[in-house]
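A.B. asks: Dropping a structure here in structure tokens format, bear with me for questions.
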Amino acid sequence: MIGSKTGKILGYKWRSKSCRICQKAEHEGKIVRNHTCRKNFTGSAKAMEPDMVEEMVTDSIEKGAKITAIFGDEDTTTIARLRAKVDPRIKKLSDSNHIKKPFSSSLYDLRKKHSCLSQKVINYLIKCFNYLIAKGKGKPEEIKQNLDALSKHPFGDHSDCNVKKYRKNPENLANLGSTQSNESFNKSVAAKAPKNRFYGGSESLGYRIAAAVAQKNEGHQYTVDVNVSTGLSPGIYTQKLATLRDLQARKRRAVATTKAAKLRRITLKSNR
């Protein structure tokens, strides 16, 4: 769970449906030795995310944080559970990327009935949709008016276009957030706990996720801080490498936000 203003991880949980030590003892028909069991969930995989979000929000509120809204994908299960078990006043705000994907999918569905919806026209409409959302941030009435224009301008008058469904909730489009930082964090976790190896039942999973959290919040310098806090030498080469990795990360972020880099990403996506 990442703060929308700080960009830092406020809380994290993980769920595991197995424990290697328990499984080994059961397989060999032995009594399970005393250990810290990693199994902490018995439901379906789909139920993991709502369960974790509920626990993280509850923990944050108990620590004094005031949570009024969460950003996420278009899955309604999580917000329904939060409102039922934590606070019925919590709002659900959409992620900008997840709200754009259904729009483009709707256009491709319309293409089956309207041959005039060529790839160029679809790209044009998506570009207009993205622009009106960016321009109308915090202005739901302006977005509502622009959606009317978007649905009529290219085709004369297509009053039955799927874009009409977005007019029902312009407030949601005016307050979009982003979950890109979560996707970035998932990549960090995958680097420390690769998906081609099973760490779900091992004790190391918690430490691997914690390391990814520390790296997200503090940068690679966390390795030096851990050494110091445990009474170990921070290490000259460890310090140098941590400083280098943090410098490289800052440079990548600076380049990625430039106009040229964004245009290049759009071009590469179009080529693919």
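Residue numbering restarts at 1 in every chain; chains get A, B, ... in the order shown in the structure tokens, and ligands count up from 1 in that same order.
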Using the chain letters and numbers from this document, which residues of region 90-159 of chain A does DSSP assign to strand (DSSP E), as a PyMOL selection string?
C.D. replies: chain A and resi 91-94
A.B. asks: With distances taken over only C-alpha atoms, which residue among A:Leu150, A:Leu82, A:Val189, A:Leu93 lies nearest Val53 (chain A)?
C.D. replies: A:Leu82
A.B. asks: Enumerate as number ranges by chain all residues of region 18-80 of chain A assigned to alpha helix (DSSP H) by DSSP on the backbone, naming them with the chain letters and numbers the document uses.
C.D. replies: A: 20-28, 48-62, 77-80
A.B. asks: Using N, CA and C atoms, can you export the residues from the last selection as a PDB file, in the first residue's frame?
C.D. replies:
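Below is the file that was written, out15.pdb:
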```pdb
ATOM      1  N   ARG A  20       6.707 -25.241   3.742  1.00  0.00           N
ATOM      2  CA  ARG A  20       7.550 -26.371   3.342  1.00  0.00           C
ATOM      3  C   ARG A  20       7.799 -27.349   4.496  1.00  0.00           C
ATOM      4  N   ILE A  21       8.000 -26.807   5.700  1.00  0.00           N
ATOM      5  CA  ILE A  21       8.294 -27.670   6.845  1.00  0.00           C
ATOM      6  C   ILE A  21       7.089 -28.548   7.170  1.00  0.00           C
ATOM      7  N   CYS A  22       5.904 -27.946   7.145  1.00  0.00           N
ATOM      8  CA  CYS A  22       4.672 -28.708   7.400  1.00  0.00           C
ATOM      9  C   CYS A  22       4.455 -29.766   6.316  1.00  0.00           C
ATOM     10  N   GLN A  23       4.697 -29.377   5.064  1.00  0.00           N
ATOM     11  CA  GLN A  23       4.498 -30.301   3.947  1.00  0.00           C
ATOM     12  C   GLN A  23       5.464 -31.487   4.028  1.00  0.00           C
ATOM     13  N   LYS A  24       6.726 -31.197   4.400  1.00  0.00           N
ATOM     14  CA  LYS A  24       7.719 -32.258   4.486  1.00  0.00           C
ATOM     15  C   LYS A  24       7.369 -33.250   5.591  1.00  0.00           C
ATOM     16  N   ALA A  25       6.947 -32.720   6.760  1.00  0.00           N
ATOM     17  CA  ALA A  25       6.580 -33.589   7.877  1.00  0.00           C
ATOM     18  C   ALA A  25       5.367 -34.458   7.525  1.00  0.00           C
ATOM     19  N   GLU A  26       4.405 -33.845   6.829  1.00  0.00           N
ATOM     20  CA  GLU A  26       3.205 -34.596   6.426  1.00  0.00           C
ATOM     21  C   GLU A  26       3.573 -35.681   5.417  1.00  0.00           C
ATOM     22  N   HIS A  27       4.478 -35.349   4.491  1.00  0.00           N
ATOM     23  CA  HIS A  27       4.886 -36.312   3.466  1.00  0.00           C
ATOM     24  C   HIS A  27       5.624 -37.507   4.076  1.00  0.00           C
ATOM     25  N   GLU A  28       6.436 -37.239   5.110  1.00  0.00           N
ATOM     26  CA  GLU A  28       7.217 -38.296   5.752  1.00  0.00           C
ATOM     27  C   GLU A  28       6.469 -38.960   6.899  1.00  0.00           C
ATOM     28  N   MET A  48      -7.137 -13.288  -1.846  1.00  0.00           N
ATOM     29  CA  MET A  48      -5.935 -12.809  -1.149  1.00  0.00           C
ATOM     30  C   MET A  48      -5.853 -11.284  -1.121  1.00  0.00           C
ATOM     31  N   GLU A  49      -6.045 -10.661  -2.290  1.00  0.00           N
ATOM     32  CA  GLU A  49      -5.875  -9.200  -2.377  1.00  0.00           C
ATOM     33  C   GLU A  49      -6.838  -8.445  -1.464  1.00  0.00           C
ATOM     34  N   PRO A  50      -8.170  -8.720  -1.506  1.00  0.00           N
ATOM     35  CA  PRO A  50      -9.074  -8.016  -0.585  1.00  0.00           C
ATOM     36  C   PRO A  50      -8.712  -8.239   0.881  1.00  0.00           C
ATOM     37  N   ASP A  51      -8.266  -9.450   1.219  1.00  0.00           N
ATOM     38  CA  ASP A  51      -7.902  -9.764   2.600  1.00  0.00           C
ATOM     39  C   ASP A  51      -6.706  -8.936   3.052  1.00  0.00           C
ATOM     40  N   MET A  52      -5.705  -8.808   2.176  1.00  0.00           N
ATOM     41  CA  MET A  52      -4.508  -8.034   2.515  1.00  0.00           C
ATOM     42  C   MET A  52      -4.814  -6.545   2.612  1.00  0.00           C
ATOM     43  N   VAL A  53      -5.626  -6.031   1.668  1.00  0.00           N
ATOM     44  CA  VAL A  53      -5.967  -4.608   1.679  1.00  0.00           C
ATOM     45  C   VAL A  53      -6.734  -4.257   2.954  1.00  0.00           C
ATOM     46  N   GLU A  54      -7.674  -5.120   3.336  1.00  0.00           N
ATOM     47  CA  GLU A  54      -8.435  -4.883   4.563  1.00  0.00           C
ATOM     48  C   GLU A  54      -7.504  -4.792   5.773  1.00  0.00           C
ATOM     49  N   GLU A  55      -6.555  -5.724   5.871  1.00  0.00           N
ATOM     50  CA  GLU A  55      -5.637  -5.734   7.014  1.00  0.00           C
ATOM     51  C   GLU A  55      -4.725  -4.509   7.012  1.00  0.00           C
ATOM     52  N   MET A  56      -4.217  -4.113   5.830  1.00  0.00           N
ATOM     53  CA  MET A  56      -3.325  -2.958   5.752  1.00  0.00           C
ATOM     54  C   MET A  56      -4.045  -1.659   6.105  1.00  0.00           C
ATOM     55  N   VAL A  57      -5.266  -1.495   5.599  1.00  0.00           N
ATOM     56  CA  VAL A  57      -6.036  -0.282   5.901  1.00  0.00           C
ATOM     57  C   VAL A  57      -6.381  -0.229   7.383  1.00  0.00           C
ATOM     58  N   THR A  58      -6.777  -1.368   7.955  1.00  0.00           N
ATOM     59  CA  THR A  58      -7.100  -1.431   9.387  1.00  0.00           C
ATOM     60  C   THR A  58      -5.884  -1.070  10.230  1.00  0.00           C
ATOM     61  N   ASP A  59      -4.720  -1.634   9.895  1.00  0.00           N
ATOM     62  CA  ASP A  59      -3.487  -1.333  10.631  1.00  0.00           C
ATOM     63  C   ASP A  59      -3.142   0.150  10.554  1.00  0.00           C
ATOM     64  N   SER A  60      -3.292   0.729   9.371  1.00  0.00           N
ATOM     65  CA  SER A  60      -2.960   2.150   9.179  1.00  0.00           C
ATOM     66  C   SER A  60      -3.881   3.053   9.993  1.00  0.00           C
ATOM     67  N   ILE A  61      -5.174   2.714  10.013  1.00  0.00           N
ATOM     68  CA  ILE A  61      -6.136   3.509  10.782  1.00  0.00           C
ATOM     69  C   ILE A  61      -5.844   3.406  12.278  1.00  0.00           C
ATOM     70  N   GLU A  62      -5.477   2.206  12.747  1.00  0.00           N
ATOM     71  CA  GLU A  62      -5.143   2.020  14.161  1.00  0.00           C
ATOM     72  C   GLU A  62      -3.902   2.812  14.566  1.00  0.00           C
ATOM     73  N   THR A  77     -14.488  -6.014  -5.670  1.00  0.00           N
ATOM     74  CA  THR A  77     -14.501  -6.871  -4.487  1.00  0.00           C
ATOM     75  C   THR A  77     -13.795  -6.214  -3.304  1.00  0.00           C
ATOM     76  N   THR A  78     -12.627  -5.602  -3.574  1.00  0.00           N
ATOM     77  CA  THR A  78     -11.820  -5.016  -2.506  1.00  0.00           C
ATOM     78  C   THR A  78     -12.543  -3.880  -1.812  1.00  0.00           C
ATOM     79  N   ILE A  79     -13.085  -2.921  -2.579  1.00  0.00           N
ATOM     80  CA  ILE A  79     -13.746  -1.768  -1.972  1.00  0.00           C
ATOM     81  C   ILE A  79     -15.023  -2.189  -1.251  1.00  0.00           C
ATOM     82  N   ALA A  80     -15.715  -3.202  -1.769  1.00  0.00           N
ATOM     83  CA  ALA A  80     -16.930  -3.689  -1.105  1.00  0.00           C
ATOM     84  C   ALA A  80     -16.585  -4.264   0.265  1.00  0.00           C
TER      85      ALA A  80
END
```
A.B. asks: Could you list, as JSON, numbers by chain, every residue within 12 Å of Ile236 (chain A), counting only C-alpha atoms and ignoring same-chain residues fewer than 5 positions away?
C.D. replies: {"A": [223, 224, 227, 241, 242, 243]}
A.B. asks: Counting only C-alpha atoms, figure out which residue out of A:Asp246, A:Asp225, A:Glu141, A:Glu218 gets nearest to Gly7 (chain A).
C.D. replies: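 Ranking A:Asp246, A:Asp225, A:Glu141, A:Glu218 by distance to Gly7 (chain A), first place goes to A:Glu218.
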A.B. asks: Between CA of Gly200 (chain A) and CA of Cys19 (chain A), measure the distance and give it in Å to one decimal.
C.D. replies: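 Straight-line distance from CA of Gly200 (chain A) to CA of Cys19 (chain A) works out to 7.5 Å.
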A.B. asks: Contacts of Asn130 (chain A) at 12 Å or less, counting only C-alpha atoms, minus same-chain residues fewer than 2 places along, as a ChimeraX atom specification?
C.D. replies: /A:96-97,99-101,103-104,123-128,132-137,143,146-147,150,173-174,176
A.B. asks: Rounded to one decimal place, report the CA of Arg38 (chain A)-CA of Ser16 (chain A) distance in Å.
C.D. replies: 6.6 Å
A.B. asks: Rounded to one decimal, what separation in Å do you get between CA of Phe129 (chain A) and CA of Asp75 (chain A)?
C.D. replies: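 Here the two named atoms are 21.8 Å from each other.
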A.B. asks: Find the residues around region 190-196 of chain A up to 12 Å (only C-alpha atoms counted), leave out those fewer than 3 positions away in its own chain, and share them as a list in words.
C.D. replies: Glu183, Ser184, Phe185, Asn186, Lys187, Tyr199, Gly200, Ser202, Glu203, Ser204, Leu205, Gly206, Tyr207, Arg208, Ile209, Ala210, Ala211, Ala212, Val213 and Gln215 of chain A
A.B. asks: Could you save the residues just selected, with all heavy atoms, as a short mmCIF file (atom, residue, chain, number, x, y, z; two decimals), in the first residue's frame?
C.D. replies:
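Below is the file selection-v1.cif, written as the result:
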```
data_model
loop_
_atom_site.label_atom_id
_atom_site.label_comp_id
_atom_site.auth_asym_id
_atom_site.auth_seq_id
_atom_site.Cartn_x
_atom_site.Cartn_y
_atom_site.Cartn_z
N GLU A 183 3.18 -1.31 -9.65
CA GLU A 183 3.73 -2.21 -10.66
C GLU A 183 5.26 -2.20 -10.61
O GLU A 183 5.91 -3.24 -10.79
CB GLU A 183 3.25 -1.78 -12.05
CG GLU A 183 1.73 -1.74 -12.23
CD GLU A 183 1.08 -3.08 -12.00
OE1 GLU A 183 1.75 -4.12 -12.13
OE2 GLU A 183 -0.13 -3.10 -11.66
N SER A 184 5.83 -1.03 -10.37
CA SER A 184 7.28 -0.92 -10.24
C SER A 184 7.78 -1.72 -9.04
O SER A 184 8.81 -2.41 -9.12
CB SER A 184 7.69 0.55 -10.10
OG SER A 184 9.05 0.67 -9.78
N PHE A 185 7.03 -1.64 -7.95
CA PHE A 185 7.41 -2.39 -6.75
C PHE A 185 7.31 -3.89 -6.99
O PHE A 185 8.15 -4.66 -6.51
CB PHE A 185 6.52 -1.98 -5.57
CG PHE A 185 6.73 -2.82 -4.34
CD1 PHE A 185 7.91 -2.76 -3.64
CD2 PHE A 185 5.73 -3.70 -3.90
CE1 PHE A 185 8.11 -3.55 -2.51
CE2 PHE A 185 5.93 -4.48 -2.79
CZ PHE A 185 7.12 -4.40 -2.09
N ASN A 186 6.29 -4.31 -7.72
CA ASN A 186 6.15 -5.74 -8.05
C ASN A 186 7.38 -6.26 -8.79
O ASN A 186 7.82 -7.40 -8.59
CB ASN A 186 4.91 -5.97 -8.92
CG ASN A 186 3.63 -5.82 -8.12
OD1 ASN A 186 3.66 -5.85 -6.89
ND2 ASN A 186 2.52 -5.65 -8.80
N LYS A 187 7.94 -5.40 -9.65
CA LYS A 187 9.15 -5.77 -10.39
C LYS A 187 10.32 -5.96 -9.44
O LYS A 187 11.14 -6.88 -9.60
CB LYS A 187 9.47 -4.69 -11.43
CG LYS A 187 10.58 -5.06 -12.39
CD LYS A 187 10.78 -3.98 -13.44
CE LYS A 187 11.91 -4.35 -14.38
NZ LYS A 187 12.14 -3.29 -15.40
N TYR A 199 9.01 -19.60 -3.55
CA TYR A 199 9.41 -19.15 -2.21
C TYR A 199 8.20 -19.02 -1.28
O TYR A 199 8.35 -18.62 -0.14
CB TYR A 199 10.11 -17.79 -2.29
CG TYR A 199 11.47 -17.84 -2.95
CD1 TYR A 199 11.66 -17.43 -4.26
CD2 TYR A 199 12.58 -18.31 -2.24
CE1 TYR A 199 12.90 -17.48 -4.87
CE2 TYR A 199 13.83 -18.37 -2.83
CZ TYR A 199 13.99 -17.95 -4.14
OH TYR A 199 15.23 -18.01 -4.73
N GLY A 200 7.01 -19.35 -1.80
CA GLY A 200 5.79 -19.15 -1.02
C GLY A 200 5.75 -19.90 0.30
O GLY A 200 5.14 -19.44 1.25
N SER A 202 8.55 -20.82 2.07
CA SER A 202 9.82 -20.70 2.79
C SER A 202 9.83 -19.49 3.71
O SER A 202 9.08 -18.53 3.51
CB SER A 202 10.99 -20.60 1.80
OG SER A 202 10.96 -19.35 1.15
N GLU A 203 10.70 -19.54 4.72
CA GLU A 203 10.82 -18.43 5.65
C GLU A 203 11.48 -17.22 4.99
O GLU A 203 11.35 -16.09 5.47
CB GLU A 203 11.64 -18.85 6.87
CG GLU A 203 10.92 -19.85 7.77
CD GLU A 203 11.65 -20.07 9.08
OE1 GLU A 203 12.50 -19.23 9.43
OE2 GLU A 203 11.38 -21.07 9.75
N SER A 204 12.20 -17.43 3.90
CA SER A 204 12.92 -16.33 3.27
C SER A 204 12.00 -15.34 2.55
O SER A 204 12.40 -14.21 2.27
CB SER A 204 13.95 -16.87 2.28
OG SER A 204 13.32 -17.39 1.13
N LEU A 205 10.75 -15.76 2.23
CA LEU A 205 9.87 -14.90 1.46
C LEU A 205 9.64 -13.56 2.16
O LEU A 205 9.70 -12.50 1.53
CB LEU A 205 8.52 -15.59 1.21
CG LEU A 205 7.49 -14.76 0.43
CD1 LEU A 205 8.00 -14.45 -0.97
CD2 LEU A 205 6.15 -15.47 0.36
N GLY A 206 9.37 -13.60 3.46
CA GLY A 206 9.13 -12.37 4.21
C GLY A 206 10.30 -11.41 4.15
O GLY A 206 10.14 -10.20 3.99
N TYR A 207 11.53 -11.97 4.25
CA TYR A 207 12.73 -11.13 4.20
C TYR A 207 12.94 -10.57 2.80
O TYR A 207 13.42 -9.43 2.64
CB TYR A 207 13.95 -11.94 4.64
CG TYR A 207 13.89 -12.37 6.09
CD1 TYR A 207 13.59 -13.68 6.43
CD2 TYR A 207 14.13 -11.46 7.11
CE1 TYR A 207 13.51 -14.09 7.75
CE2 TYR A 207 14.06 -11.84 8.44
CZ TYR A 207 13.76 -13.16 8.76
OH TYR A 207 13.68 -13.54 10.07
N ARG A 208 12.62 -11.35 1.80
CA ARG A 208 12.80 -10.89 0.42
C ARG A 208 11.85 -9.73 0.12
O ARG A 208 12.23 -8.73 -0.52
CB ARG A 208 12.53 -12.06 -0.56
CG ARG A 208 13.61 -13.13 -0.51
CD ARG A 208 13.22 -14.37 -1.32
NE ARG A 208 14.22 -15.41 -1.18
CZ ARG A 208 15.32 -15.52 -1.92
NH1 ARG A 208 15.55 -14.64 -2.88
NH2 ARG A 208 16.17 -16.50 -1.72
N ILE A 209 10.60 -9.84 0.58
CA ILE A 209 9.64 -8.76 0.37
C ILE A 209 10.04 -7.53 1.18
O ILE A 209 9.96 -6.39 0.69
CB ILE A 209 8.22 -9.22 0.75
CG1 ILE A 209 7.77 -10.36 -0.19
CG2 ILE A 209 7.23 -8.05 0.65
CD1 ILE A 209 6.45 -10.97 0.18
N ALA A 210 10.49 -7.74 2.41
CA ALA A 210 10.92 -6.63 3.26
C ALA A 210 12.10 -5.89 2.63
O ALA A 210 12.18 -4.65 2.69
CB ALA A 210 11.31 -7.14 4.64
N ALA A 211 13.01 -6.63 1.99
CA ALA A 211 14.15 -6.02 1.32
C ALA A 211 13.68 -5.15 0.15
O ALA A 211 14.20 -4.05 -0.08
CB ALA A 211 15.11 -7.09 0.82
N ALA A 212 12.67 -5.63 -0.58
CA ALA A 212 12.12 -4.85 -1.70
C ALA A 212 11.45 -3.57 -1.19
O ALA A 212 11.56 -2.50 -1.80
CB ALA A 212 11.12 -5.69 -2.49
N VAL A 213 10.75 -3.67 -0.05
CA VAL A 213 10.10 -2.50 0.57
C VAL A 213 11.15 -1.47 0.97
O VAL A 213 11.01 -0.27 0.70
CB VAL A 213 9.26 -2.92 1.79
CG1 VAL A 213 8.78 -1.69 2.56
CG2 VAL A 213 8.07 -3.76 1.37
N GLN A 215 14.15 -1.09 -0.21
CA GLN A 215 14.75 -0.52 -1.42
C GLN A 215 13.83 0.53 -2.04
O GLN A 215 14.29 1.57 -2.51
CB GLN A 215 15.04 -1.62 -2.43
CG GLN A 215 15.71 -1.12 -3.71
CD GLN A 215 16.07 -2.25 -4.64
OE1 GLN A 215 16.69 -3.23 -4.25
NE2 GLN A 215 15.66 -2.13 -5.90
#
```
